[in-house]
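As stored in target_18.txt (compact mmCIF, C-alpha atoms):
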```txt
# COMPACT_ATOMS: atom_id res chain seq x y z
CA MET A 1 -28.91 -0.59 13.38
CA ALA A 2 -29.79 -3.94 11.85
CA LYS A 3 -26.97 -6.38 11.28
CA HIS A 4 -25.61 -6.89 7.80
CA HIS A 5 -26.64 -10.09 6.05
CA ILE A 6 -23.64 -11.31 4.05
CA GLU A 7 -23.19 -14.22 1.67
CA MET A 8 -19.73 -15.32 0.66
CA THR A 9 -17.71 -18.41 -0.20
CA VAL A 10 -15.32 -19.88 2.36
CA ASN A 11 -13.01 -22.67 1.23
CA GLY A 12 -15.39 -23.42 -1.63
CA ASP A 13 -18.53 -23.55 0.50
CA ALA A 14 -21.28 -20.94 0.26
CA VAL A 15 -21.91 -19.44 3.70
CA GLU A 16 -24.10 -16.66 5.03
CA PHE A 17 -23.83 -14.75 8.25
CA LEU A 18 -25.00 -11.66 10.12
CA CYS A 19 -22.47 -9.14 11.38
CA GLU A 20 -22.18 -5.69 12.89
CA THR A 21 -20.36 -3.02 10.88
CA GLU A 22 -17.36 -3.00 13.22
CA GLU A 23 -16.84 -6.77 13.11
CA THR A 24 -13.81 -7.77 11.07
CA LEU A 25 -13.60 -10.71 8.72
CA LEU A 26 -11.41 -12.33 11.38
CA ASP A 27 -14.15 -11.85 14.01
CA VAL A 28 -16.67 -13.40 11.61
CA LEU A 29 -14.45 -16.35 10.75
CA ARG A 30 -13.58 -17.15 14.36
CA ASP A 31 -16.68 -16.17 16.34
CA THR A 32 -19.53 -16.67 13.90
CA LEU A 33 -18.32 -19.36 11.51
CA GLN A 34 -16.20 -21.16 14.16
CA LEU A 35 -13.22 -21.26 11.81
CA THR A 36 -10.71 -20.63 14.57
CA GLY A 37 -7.58 -21.57 12.62
CA SER A 38 -6.94 -17.93 11.72
CA LYS A 39 -5.47 -16.28 14.79
CA GLU A 40 -5.65 -12.80 16.22
CA GLY A 41 -2.14 -11.66 17.13
CA CYS A 42 -1.97 -7.90 16.89
CA ALA A 43 -5.32 -6.91 15.31
CA SER A 44 -3.49 -4.13 13.49
CA GLY A 45 -2.09 -5.78 10.37
CA ASP A 46 1.44 -6.19 11.70
CA CYS A 47 1.76 -9.89 12.57
CA GLY A 48 0.03 -11.83 9.80
CA ALA A 49 -1.44 -14.51 12.09
CA CYS A 50 -4.88 -13.81 10.61
CA SER A 51 -3.72 -14.15 6.97
CA VAL A 52 -6.38 -15.39 4.54
CA MET A 53 -6.87 -15.27 0.80
CA LEU A 54 -9.57 -12.84 -0.35
CA ASP A 55 -10.47 -13.31 -4.02
CA GLY A 56 -7.05 -14.90 -4.48
CA ARG A 57 -5.18 -12.08 -2.75
CA LEU A 58 -3.26 -12.47 0.53
CA VAL A 59 -4.66 -10.11 3.17
CA CYS A 60 -4.88 -9.70 6.95
CA SER A 61 -8.44 -10.65 7.86
CA CYS A 62 -8.21 -8.32 10.89
CA LEU A 63 -8.07 -5.38 8.43
CA VAL A 64 -11.14 -6.41 6.43
CA LEU A 65 -14.68 -5.71 7.58
CA GLY A 66 -17.13 -8.58 7.56
CA CYS A 67 -19.63 -6.45 5.69
CA GLU A 68 -17.15 -5.90 2.85
CA VAL A 69 -16.95 -9.50 1.72
CA GLY A 70 -20.41 -10.02 0.25
CA GLY A 71 -20.10 -12.12 -2.92
CA ARG A 72 -16.40 -12.63 -2.41
CA ARG A 73 -14.26 -15.73 -2.09
CA VAL A 74 -12.31 -16.38 1.11
CA GLU A 75 -9.81 -19.18 1.68
CA THR A 76 -8.54 -19.93 5.17
CA ILE A 77 -6.11 -22.36 6.80
CA GLU A 78 -9.02 -24.80 7.23
CA GLY A 79 -9.14 -25.27 3.46
CA VAL A 80 -5.44 -25.99 2.98
CA ALA A 81 -5.36 -29.72 3.85
CA LYS A 82 -7.40 -32.04 1.67
CA GLY A 83 -9.33 -34.19 4.13
CA GLN A 84 -6.72 -36.07 6.18
CA THR A 85 -3.95 -35.26 3.70
CA LEU A 86 -1.76 -32.34 4.68
CA HIS A 87 -0.66 -29.81 2.09
CA PRO A 88 3.05 -30.27 1.25
CA LEU A 89 3.86 -27.04 3.07
CA GLN A 90 2.09 -28.24 6.22
CA GLN A 91 3.97 -31.53 5.98
CA LYS A 92 7.30 -29.75 5.62
CA PHE A 93 6.55 -27.47 8.57
CA LEU A 94 6.16 -30.63 10.65
CA GLU A 95 9.26 -32.33 9.26
CA HIS A 96 11.48 -29.30 9.78
CA ALA A 97 9.96 -28.28 13.13
CA ALA A 98 9.12 -24.90 11.62
CA LEU A 99 6.75 -24.19 14.49
CA GLN A 100 6.91 -24.20 18.23
CA CYS A 101 3.94 -22.51 19.91
CA GLY A 102 2.01 -22.58 16.64
CA ILE A 103 0.06 -19.33 16.91
CA CYS A 104 1.72 -17.84 13.84
CA THR A 105 1.68 -21.08 11.84
CA PRO A 106 -1.74 -20.82 10.11
CA GLY A 107 -0.76 -17.38 8.83
CA PHE A 108 2.63 -18.61 7.64
CA ILE A 109 1.04 -21.59 5.85
CA VAL A 110 -1.58 -19.45 4.09
CA ALA A 111 0.99 -16.80 3.14
CA GLY A 112 3.68 -19.31 2.21
CA LYS A 113 1.31 -21.33 0.04
CA ALA A 114 0.34 -18.14 -1.79
CA LEU A 115 4.01 -17.50 -2.63
CA LEU A 116 4.68 -21.08 -3.77
CA GLU A 117 1.67 -21.01 -6.07
CA LYS A 118 2.93 -17.78 -7.61
CA ASN A 119 6.62 -18.60 -7.59
CA PRO A 120 7.41 -22.34 -7.54
CA ASN A 121 11.14 -21.83 -6.91
CA PRO A 122 11.66 -18.79 -4.67
CA THR A 123 15.06 -17.74 -3.33
CA ASP A 124 15.69 -17.29 0.39
CA THR A 125 15.44 -13.53 -0.11
CA GLU A 126 12.14 -13.79 -1.95
CA ILE A 127 10.76 -16.02 0.81
CA ARG A 128 11.92 -13.69 3.56
CA TYR A 129 10.52 -10.57 1.89
CA TRP A 130 7.21 -12.25 1.05
CA LEU A 131 6.84 -13.47 4.65
CA ALA A 132 8.03 -10.21 6.24
CA GLY A 133 4.46 -9.52 7.32
CA ASN A 134 4.27 -12.77 9.29
CA LEU A 135 5.88 -12.58 12.71
CA CYS A 136 7.16 -15.62 14.61
CA ARG A 137 8.66 -15.19 18.06
CA CYS A 138 9.75 -18.83 18.49
CA THR A 139 11.62 -20.23 15.54
CA GLY A 140 13.94 -17.45 14.44
CA TYR A 141 12.55 -18.02 10.93
CA ASP A 142 15.35 -20.24 9.60
CA LYS A 143 13.31 -23.41 9.93
CA ILE A 144 10.37 -21.72 8.25
CA VAL A 145 12.53 -20.74 5.27
CA THR A 146 13.94 -24.28 5.12
CA ALA A 147 10.43 -25.76 5.19
CA MET A 148 9.32 -23.36 2.46
CA LYS A 149 12.21 -24.36 0.21
CA ASP A 150 11.68 -28.07 0.81
CA ALA A 151 7.94 -27.68 0.16
CA ALA A 152 8.75 -25.89 -3.08
CA VAL A 153 10.83 -28.90 -4.16
CA ALA A 154 8.02 -31.28 -3.22
CA MET A 155 5.42 -29.21 -5.04
CA ARG A 156 7.55 -28.94 -8.18
CA LYS A 157 7.81 -32.72 -8.24
CA GLY A 158 4.02 -32.75 -7.94
CA MET B 1 -21.93 2.75 12.73
CA ARG B 2 -23.41 2.59 9.26
CA TYR B 3 -21.70 0.90 6.30
CA GLU B 4 -22.51 1.70 2.69
CA ALA B 5 -20.93 0.41 -0.51
CA PRO B 6 -22.37 2.55 -3.30
CA GLU B 7 -21.71 1.76 -6.94
CA THR B 8 -21.54 5.33 -8.22
CA VAL B 9 -19.37 8.33 -7.41
CA GLU B 10 -22.49 10.49 -7.07
CA SER B 11 -24.12 8.31 -4.44
CA ALA B 12 -20.85 8.06 -2.48
CA ALA B 13 -20.54 11.86 -2.44
CA ALA B 14 -24.19 12.26 -1.44
CA LEU B 15 -23.80 9.78 1.42
CA LEU B 16 -20.69 11.54 2.72
CA ALA B 17 -22.23 14.99 2.39
CA ALA B 18 -25.32 13.91 4.32
CA ALA B 19 -23.38 12.21 7.14
CA SER B 20 -24.31 13.68 10.52
CA GLY B 21 -21.11 12.67 12.32
CA GLU B 22 -17.75 11.65 10.96
CA GLY B 23 -17.97 10.00 7.56
CA ARG B 24 -14.94 8.02 6.45
CA ILE B 25 -13.98 6.50 3.13
CA LEU B 26 -12.99 2.84 3.18
CA ALA B 27 -10.67 1.65 0.44
CA GLY B 28 -8.03 -0.82 1.66
CA GLY B 29 -8.80 -0.17 5.33
CA THR B 30 -5.17 -0.58 6.39
CA ASP B 31 -5.20 2.77 8.18
CA LEU B 32 -8.91 3.22 8.91
CA LEU B 33 -9.45 -0.12 10.64
CA VAL B 34 -6.34 0.36 12.77
CA GLN B 35 -7.53 3.84 13.75
CA MET B 36 -10.99 2.51 14.61
CA ARG B 37 -9.47 -0.27 16.70
CA SER B 38 -7.31 2.15 18.64
CA ASP B 39 -10.17 4.66 19.09
CA ILE B 40 -8.45 7.34 17.00
CA ALA B 41 -11.35 7.22 14.53
CA ASP B 42 -14.97 6.69 15.47
CA PRO B 43 -16.96 7.25 12.29
CA THR B 44 -20.75 7.16 12.19
CA LEU B 45 -20.63 6.30 8.50
CA ILE B 46 -18.21 4.22 6.44
CA VAL B 47 -18.43 4.56 2.67
CA ASP B 48 -16.67 1.68 0.92
CA ILE B 49 -15.70 2.97 -2.54
CA LYS B 50 -14.42 -0.33 -3.92
CA ARG B 51 -17.68 -1.13 -5.71
CA ILE B 52 -17.31 2.04 -7.80
CA ALA B 53 -15.68 0.70 -10.96
CA GLU B 54 -13.54 3.74 -11.76
CA THR B 55 -11.81 3.63 -8.38
CA ARG B 56 -10.60 0.12 -9.15
CA ARG B 57 -9.07 0.35 -12.59
CA VAL B 58 -5.91 1.48 -14.36
CA THR B 59 -6.51 2.91 -17.84
CA GLU B 60 -4.64 4.87 -20.48
CA GLU B 61 -6.02 8.36 -20.95
CA ASN B 62 -4.80 10.79 -23.61
CA GLY B 63 -1.31 9.34 -23.46
CA GLY B 64 -1.22 9.36 -19.65
CA TRP B 65 -2.38 6.83 -17.08
CA ARG B 66 -5.42 7.11 -14.85
CA VAL B 67 -5.12 5.07 -11.67
CA GLY B 68 -8.17 4.49 -9.51
CA ALA B 69 -7.90 5.62 -5.89
CA ALA B 70 -8.72 2.11 -4.65
CA VAL B 71 -6.23 0.20 -6.81
CA THR B 72 -3.97 -1.79 -4.47
CA GLY B 73 -0.18 -1.84 -4.32
CA ALA B 74 -0.16 -5.48 -5.44
CA GLU B 75 -2.26 -4.59 -8.49
CA LEU B 76 0.08 -1.72 -9.40
CA LYS B 77 3.03 -4.10 -9.16
CA GLU B 78 1.35 -6.63 -11.45
CA HIS B 79 0.26 -4.08 -14.04
CA PRO B 80 2.02 -4.95 -17.30
CA ARG B 81 2.92 -1.37 -18.36
CA LEU B 82 2.72 1.03 -15.45
CA LYS B 83 6.05 0.07 -13.90
CA GLN B 84 7.88 0.74 -17.17
CA VAL B 85 6.46 4.25 -17.50
CA TRP B 86 6.33 5.22 -13.81
CA PRO B 87 8.79 2.98 -11.96
CA GLY B 88 9.17 5.51 -9.13
CA VAL B 89 5.45 5.69 -8.43
CA VAL B 90 5.10 1.91 -8.43
CA GLU B 91 8.19 1.29 -6.28
CA ALA B 92 7.01 3.89 -3.78
CA ALA B 93 3.57 2.30 -3.51
CA ASN B 94 5.17 -1.14 -3.15
CA LEU B 95 7.27 -0.02 -0.18
CA ILE B 96 4.17 0.34 1.98
CA GLY B 97 3.86 -2.51 4.47
CA SER B 98 3.94 -6.26 4.00
CA THR B 99 2.60 -8.56 1.26
CA GLN B 100 -0.69 -8.65 3.16
CA ILE B 101 -0.85 -4.85 3.35
CA GLN B 102 0.04 -4.59 -0.35
CA GLY B 103 -3.02 -6.75 -1.06
CA ARG B 104 -5.25 -4.02 0.36
CA ALA B 105 -3.44 -0.67 0.65
CA THR B 106 -4.24 1.94 -2.00
CA LEU B 107 -2.81 5.16 -3.42
CA GLY B 108 -5.95 7.07 -2.44
CA GLY B 109 -5.71 5.84 1.11
CA ASN B 110 -2.02 6.61 1.40
CA LEU B 111 -2.68 10.22 0.35
CA CYS B 112 -5.87 10.74 2.35
CA ASN B 113 -4.47 9.23 5.54
CA GLY B 114 -2.73 12.59 5.67
CA SER B 115 0.70 11.47 6.83
CA PRO B 116 3.72 13.56 5.80
CA ALA B 117 5.67 10.26 5.72
CA ALA B 118 3.38 8.52 3.20
CA ASP B 119 5.67 6.75 0.75
CA SER B 120 3.62 7.02 -2.43
CA VAL B 121 2.91 10.74 -2.06
CA PRO B 122 6.36 12.20 -2.88
CA ALA B 123 6.47 9.92 -5.92
CA LEU B 124 3.02 11.07 -7.06
CA ILE B 125 3.93 14.72 -6.52
CA ALA B 126 7.22 14.33 -8.40
CA ALA B 127 5.27 12.63 -11.19
CA GLY B 128 3.00 15.65 -11.50
CA ALA B 129 -0.02 13.51 -10.67
CA VAL B 130 -3.38 15.23 -10.43
CA ALA B 131 -6.07 13.89 -8.11
CA THR B 132 -9.63 13.84 -9.42
CA LEU B 133 -12.00 14.60 -6.56
CA ALA B 134 -15.73 14.06 -6.54
CA GLY B 135 -18.14 15.76 -4.19
CA PRO B 136 -21.74 16.87 -3.90
CA ARG B 137 -21.08 19.76 -6.32
CA GLY B 138 -19.43 17.60 -8.95
CA ARG B 139 -15.83 16.90 -9.80
CA ARG B 140 -12.64 18.90 -9.69
CA ASP B 141 -8.97 18.22 -10.27
CA LEU B 142 -6.32 19.11 -7.73
CA PRO B 143 -2.55 18.58 -8.04
CA VAL B 144 -1.53 15.99 -5.45
CA GLU B 145 0.76 18.51 -3.71
CA ASP B 146 -2.31 20.63 -2.94
CA VAL B 147 -4.42 17.81 -1.46
CA MET B 148 -2.65 17.57 1.86
CA LEU B 149 -2.47 20.67 4.06
CA GLY B 150 -0.80 19.20 7.14
CA PRO B 151 -0.81 16.08 9.31
CA ARG B 152 -4.32 14.54 8.97
CA LYS B 153 -5.51 17.75 7.26
CA LEU B 154 -6.75 17.62 3.67
CA ALA B 155 -8.02 20.25 1.23
CA LEU B 156 -11.14 18.14 0.64
CA THR B 157 -14.49 19.74 1.46
CA LYS B 158 -17.34 17.84 3.15
CA GLY B 159 -18.54 15.06 0.91
CA GLU B 160 -15.47 15.13 -1.31
CA PHE B 161 -13.23 12.13 -1.89
CA VAL B 162 -10.43 11.11 -4.25
CA VAL B 163 -11.72 9.04 -7.18
CA SER B 164 -8.54 8.60 -9.19
CA PHE B 165 -5.14 10.01 -10.10
CA LEU B 166 -3.98 11.10 -13.55
CA LEU B 167 -0.31 10.50 -14.30
CA PRO B 168 0.51 12.81 -17.21
CA PRO B 169 1.76 11.75 -20.65
CA ARG B 170 5.45 10.89 -20.65
CA PRO B 171 7.84 12.44 -23.19
CA PRO B 172 10.64 10.18 -24.49
CA ARG B 173 13.67 9.80 -22.16
CA SER B 174 11.64 10.39 -18.99
CA SER B 175 11.65 8.46 -15.76
CA ASP B 176 11.29 8.69 -12.02
CA ALA B 177 12.52 7.18 -8.77
CA TYR B 178 11.63 7.14 -5.09
CA LEU B 179 13.90 6.41 -2.14
CA ARG B 180 13.25 6.47 1.56
CA PHE B 181 15.31 6.03 4.68
CA ILE B 182 14.03 3.73 7.44
CA PRO B 183 15.93 2.40 10.44
CA ARG B 184 15.15 -1.21 9.43
CA THR B 185 15.41 -2.94 6.06
CA GLU B 186 11.68 -3.49 5.53
CA MET B 187 8.23 -2.45 6.72
CA ASP B 188 8.77 0.82 8.49
CA ILE B 189 7.66 4.42 8.22
CA ALA B 190 9.87 6.81 6.26
CA VAL B 191 12.20 9.01 8.28
CA VAL B 192 12.85 10.83 4.99
CA GLY B 193 11.44 10.12 1.51
CA ALA B 194 12.49 11.63 -1.82
CA GLY B 195 10.82 11.40 -5.22
CA VAL B 196 12.35 12.70 -8.44
CA SER B 197 10.88 12.71 -11.94
CA LEU B 198 12.80 14.08 -14.91
CA THR B 199 13.18 14.22 -18.68
CA VAL B 200 16.48 14.43 -20.56
CA ASP B 201 17.19 15.49 -24.14
CA ALA B 202 19.09 13.39 -26.67
CA ALA B 203 22.39 14.75 -25.33
CA GLY B 204 21.51 13.68 -21.77
CA THR B 205 20.80 17.17 -20.41
CA ILE B 206 17.89 17.42 -17.98
CA THR B 207 15.13 19.48 -19.60
CA THR B 208 12.42 19.23 -16.92
CA ALA B 209 12.39 17.90 -13.37
CA ARG B 210 10.19 17.70 -10.30
CA VAL B 211 11.50 16.92 -6.82
CA SER B 212 9.38 16.08 -3.80
CA LEU B 213 10.35 15.38 -0.18
CA GLY B 214 8.40 13.47 2.45
CA ALA B 215 8.67 13.35 6.26
CA VAL B 216 10.72 16.55 6.54
CA ALA B 217 7.82 19.01 7.01
CA PRO B 218 4.18 18.96 8.15
CA ARG B 219 3.18 18.04 4.59
CA VAL B 220 4.88 16.38 1.66
CA LEU B 221 6.75 19.11 -0.19
CA LEU B 222 7.14 19.92 -3.85
CA VAL B 223 10.57 21.54 -4.08
CA PRO B 224 10.84 23.66 -7.26
CA GLU B 225 14.23 25.04 -6.10
CA ALA B 226 15.66 21.53 -6.09
CA ALA B 227 14.29 20.87 -9.58
CA ALA B 228 15.69 24.19 -10.83
CA ALA B 229 19.09 23.17 -9.44
CA ILE B 230 19.38 20.28 -11.91
CA VAL B 231 17.45 21.46 -14.99
CA GLY B 232 19.94 22.31 -17.74
CA SER B 233 22.59 20.05 -16.23
CA ARG B 234 23.66 16.47 -16.78
CA LEU B 235 23.65 15.99 -13.05
CA ASP B 236 27.36 16.54 -12.75
CA ARG B 237 28.84 16.87 -9.27
CA SER B 238 28.12 20.60 -8.96
CA ALA B 239 24.47 20.10 -9.97
CA GLN B 240 24.25 17.32 -7.41
CA ASP B 241 25.62 19.67 -4.76
CA ARG B 242 23.10 22.36 -5.70
CA LEU B 243 20.30 19.78 -5.57
CA GLU B 244 21.37 18.62 -2.12
CA ALA B 245 21.57 22.18 -0.81
CA ALA B 246 18.17 23.13 -2.26
CA ALA B 247 16.55 20.01 -0.80
CA ARG B 248 18.02 20.65 2.65
CA ALA B 249 17.03 24.30 2.59
CA VAL B 250 13.28 23.52 2.63
CA CYS B 251 13.37 20.92 5.39
CA ALA B 252 11.58 21.70 8.64
CA PRO B 253 11.35 18.23 10.17
CA ILE B 254 10.29 16.93 13.54
CA ASP B 255 12.92 15.76 15.98
CA ASP B 256 12.34 12.31 17.45
CA LYS B 257 14.04 9.07 18.34
CA ARG B 258 13.76 7.82 14.76
CA GLY B 259 15.65 10.78 13.36
CA THR B 260 16.95 14.06 14.70
CA VAL B 261 16.39 17.29 12.81
CA GLU B 262 20.04 17.34 11.79
CA PHE B 263 19.91 13.76 10.54
CA ARG B 264 16.69 14.21 8.57
CA VAL B 265 17.97 17.36 6.88
CA GLU B 266 21.25 15.66 5.96
CA VAL B 267 19.51 12.55 4.63
CA ALA B 268 16.99 14.59 2.62
CA GLY B 269 19.84 15.95 0.51
CA VAL B 270 21.44 12.54 0.09
CA LEU B 271 18.20 10.83 -0.93
CA ALA B 272 17.21 13.61 -3.34
CA ARG B 273 20.60 13.25 -5.04
CA ARG B 274 20.47 9.45 -5.19
CA ALA B 275 16.86 9.42 -6.44
CA ALA B 276 17.80 11.94 -9.14
CA LEU B 277 20.72 9.75 -10.23
CA ILE B 278 18.47 6.69 -10.47
CA ALA B 279 15.79 8.63 -12.37
CA LEU B 280 18.46 9.98 -14.74
CA ASP B 281 19.86 6.51 -15.38
CA ARG B 282 16.38 5.19 -16.10
CA ALA B 283 15.47 8.16 -18.30
CA ARG B 284 18.54 7.65 -20.49
CA SER B 285 17.37 4.16 -21.35
CA ALA B 286 13.62 4.95 -21.40
```
In structure tokens, what does this structure look like?
Amino acid sequence: MAKHHIEMTVNGDAVEFLCETEETLLDVLRDTLQLTGSKEGCASGDCGACSVMLDGRLVCSCLVLGCEVGGRRVETIEGVAKGQTLHPLQQKFLEHAALQCGICTPGFIVAGKALLEKNPNPTDTEIRYWLAGNLCRCTGYDKIVTAMKDAAVAMRKG
Amino acid sequence: MRYEAPETVESAAALLAAASGEGRILAGGTDLLVQMRSDIADPTLIVDIKRIAETRRVTEENGGWRVGAAVTGAELKEHPRLKQVWPGVVEAANLIGSTQIQGRATLGGNLCNGSPAADSVPALIAAGAVATLAGPRGRRDLPVEDVMLGPRKLALTKGEFVVSFLLPPRPPRSSDAYLRFIPRTEMDIAVVGAGVSLTVDAAGTITTARVSLGAVAPRVLLVPEAAAAIVGSRLDRSAQDRLEAAARAVCAPIDDKRGTVEFRVEVAGVLARRAALIALDRARSA
């Protein structure tokens, strides 16, 4: 069967690509569009390393088919920093050492940013529940929560 | 593997009916894509129903609420009115998976995945929700409790799929609740689930009730005996005891490392009682 021809927006840029039905959005991002920031951890929606925004909604890109996203808007970790300027959440992850191996970090940044844009002053509990779908096997999560809270302060100050 | 995203119910039904191999509906994909990845499902045709407008909206209908089969958990949570009228249905749907899963997972998918442990299904059954199905021979309505026949077995005929659910009109002083037991605090599959929906009169006596139990039998159960145990009462201790006994009496659960038969039966009674107490409390102030 012929490949699907899909047009979508990624991080504000119009892109088009060809994909097979069984290719996921994560496959397309990484293998076709060379946007390798989104990671494949589990490929079953459990770990959140592939988190992206799809039409403003946080999703696992491993559970979205490439052929589904025609005409839709995708935002990935590659669109979070503005040029050489890190997003406040990225900066706080660095300052608080909220990452070690780094595989989960793009997913945490995309998911965490989505929470902070929705809720500028989340409690520890709100942060932990929101990020329950992002698994980290290095940090023990405390540093991630600390970085989230500090980023929230920085973002509220603008 | 062919992918289609029709814009009408009729074309979706026609595509499914004409499929030569396995045709599968794609809504949120949180079960289907996992099954495809682990070679449990190998469809020749995927019909994405999200471009059919009526699967994606929540509307008032004759005093009730019609919820599209492909409305996500996150959208249900954000709906300005639904959670006030049907808090049990919304809280059940919102228990499924993580934030990321909530962004995709749907009521239609949760039902049609055919799991007896599906969290939103006992809440929908307790609510008296009716599924509107569409197929090659047109549409029909089926109470949610009649959609699932057993694990992975549905009462849908070839070409049929769930388009939407109708939550019935709500009399004053009505509410609902859903509780589940899981071994962790978050993101797990129900070992037992219990949904209760009820209406009380001005004096606080329960006038109607529906009780549903998940994960204690091959399908999600509607338990009229449990409802009968509390109708006419104010859910005093003896009515609670009757409810617990009636709930336990219908349980025929599996026995596994997540919960023994004895444990599941015990917990089914406890959760039915607690869900009824929450629903009653909510109904009194509704």
How close does chain B get to chain A? List, as CSV, each residue of chain B within 6 Å, its nearest atom pair and the distance in Å to one decimal, counting all atoms listed in the file.
```
residue,atom,partner,partner_atom,distance
B:Thr30,CA,A:Leu63,CA,6.0
B:Leu33,CA,A:Leu63,CA,5.9
B:Val34,CA,A:Ser44,CA,5.4
B:Ser98,CA,A:Gly133,CA,4.7
B:Thr99,CA,A:Trp130,CA,5.9
B:Gln100,CA,A:Val59,CA,4.2
B:Gly103,CA,A:Val59,CA,5.6
```
Check the smallest atom-to-atom distance from each of B:Ile49, B:Met1, B:Leu198, B:Val223 to B:Ala19 using all atoms listed in the file, then report the winner.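 Among the listed residues, the smallest separation from B:Ala19 belongs to B:Met1.
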Work out where the centre of an axis-aligned box around every listed atom of stretch 20-39 of chain A lies and how long its edges are once 5 Å is added on each side; give both in Å to one decimal as JSON.
```
{"center_x": -13.8, "center_y": -12.3, "center_z": 12.5, "size_x": 26.7, "size_y": 28.6, "size_z": 17.6}
```
Taking only C-alpha atoms into account, which of A:Pro122, A:Gly140, A:Gly112, A:Gly79 comes nearest A:Gln100?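 Answer, going by the shortest atom-to-atom distance: A:Gly140.
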May I have the protein, DNA and RNA residues with an atom at most 8 Å from (-16.6, 14.3, -2.8), counting only C-alpha atoms in the file's coordinates, returned as a PDB file with C-alpha atoms, in the frame of the given file?
```pdb
ATOM      1  CA  ALA B  12     -20.850   8.060  -2.480  1.00  0.00           C
ATOM      2  CA  ALA B  13     -20.540  11.860  -2.440  1.00  0.00           C
ATOM      3  CA  ALA B  14     -24.190  12.260  -1.440  1.00  0.00           C
ATOM      4  CA  LEU B  16     -20.690  11.540   2.720  1.00  0.00           C
ATOM      5  CA  ALA B  17     -22.230  14.990   2.390  1.00  0.00           C
ATOM      6  CA  LEU B 133     -12.000  14.600  -6.560  1.00  0.00           C
ATOM      7  CA  ALA B 134     -15.730  14.060  -6.540  1.00  0.00           C
ATOM      8  CA  GLY B 135     -18.140  15.760  -4.190  1.00  0.00           C
ATOM      9  CA  PRO B 136     -21.740  16.870  -3.900  1.00  0.00           C
ATOM     10  CA  ARG B 137     -21.080  19.760  -6.320  1.00  0.00           C
ATOM     11  CA  GLY B 138     -19.430  17.600  -8.950  1.00  0.00           C
ATOM     12  CA  ARG B 139     -15.830  16.900  -9.800  1.00  0.00           C
ATOM     13  CA  LEU B 156     -11.140  18.140   0.640  1.00  0.00           C
ATOM     14  CA  THR B 157     -14.490  19.740   1.460  1.00  0.00           C
ATOM     15  CA  LYS B 158     -17.340  17.840   3.150  1.00  0.00           C
ATOM     16  CA  GLY B 159     -18.540  15.060   0.910  1.00  0.00           C
ATOM     17  CA  GLU B 160     -15.470  15.130  -1.310  1.00  0.00           C
ATOM     18  CA  PHE B 161     -13.230  12.130  -1.890  1.00  0.00           C
ATOM     19  CA  VAL B 162     -10.430  11.110  -4.250  1.00  0.00           C
TER      20      VAL B 162
END
```
Around the point (19.5, 11.3, -11.6), in the coordinates given by the file, pick out the residues reaching within 10 Å, counting all atoms listed in the file, and return them as a ChimeraX atom specification. /B:175-177,196-200,206,209,230,234-236,240,272-284
Using only C-alpha atoms, find the one residue out of B:Val130, B:Val147, B:Leu32, B:Val89 that sits nearest to B:Tyr178. B:Val89
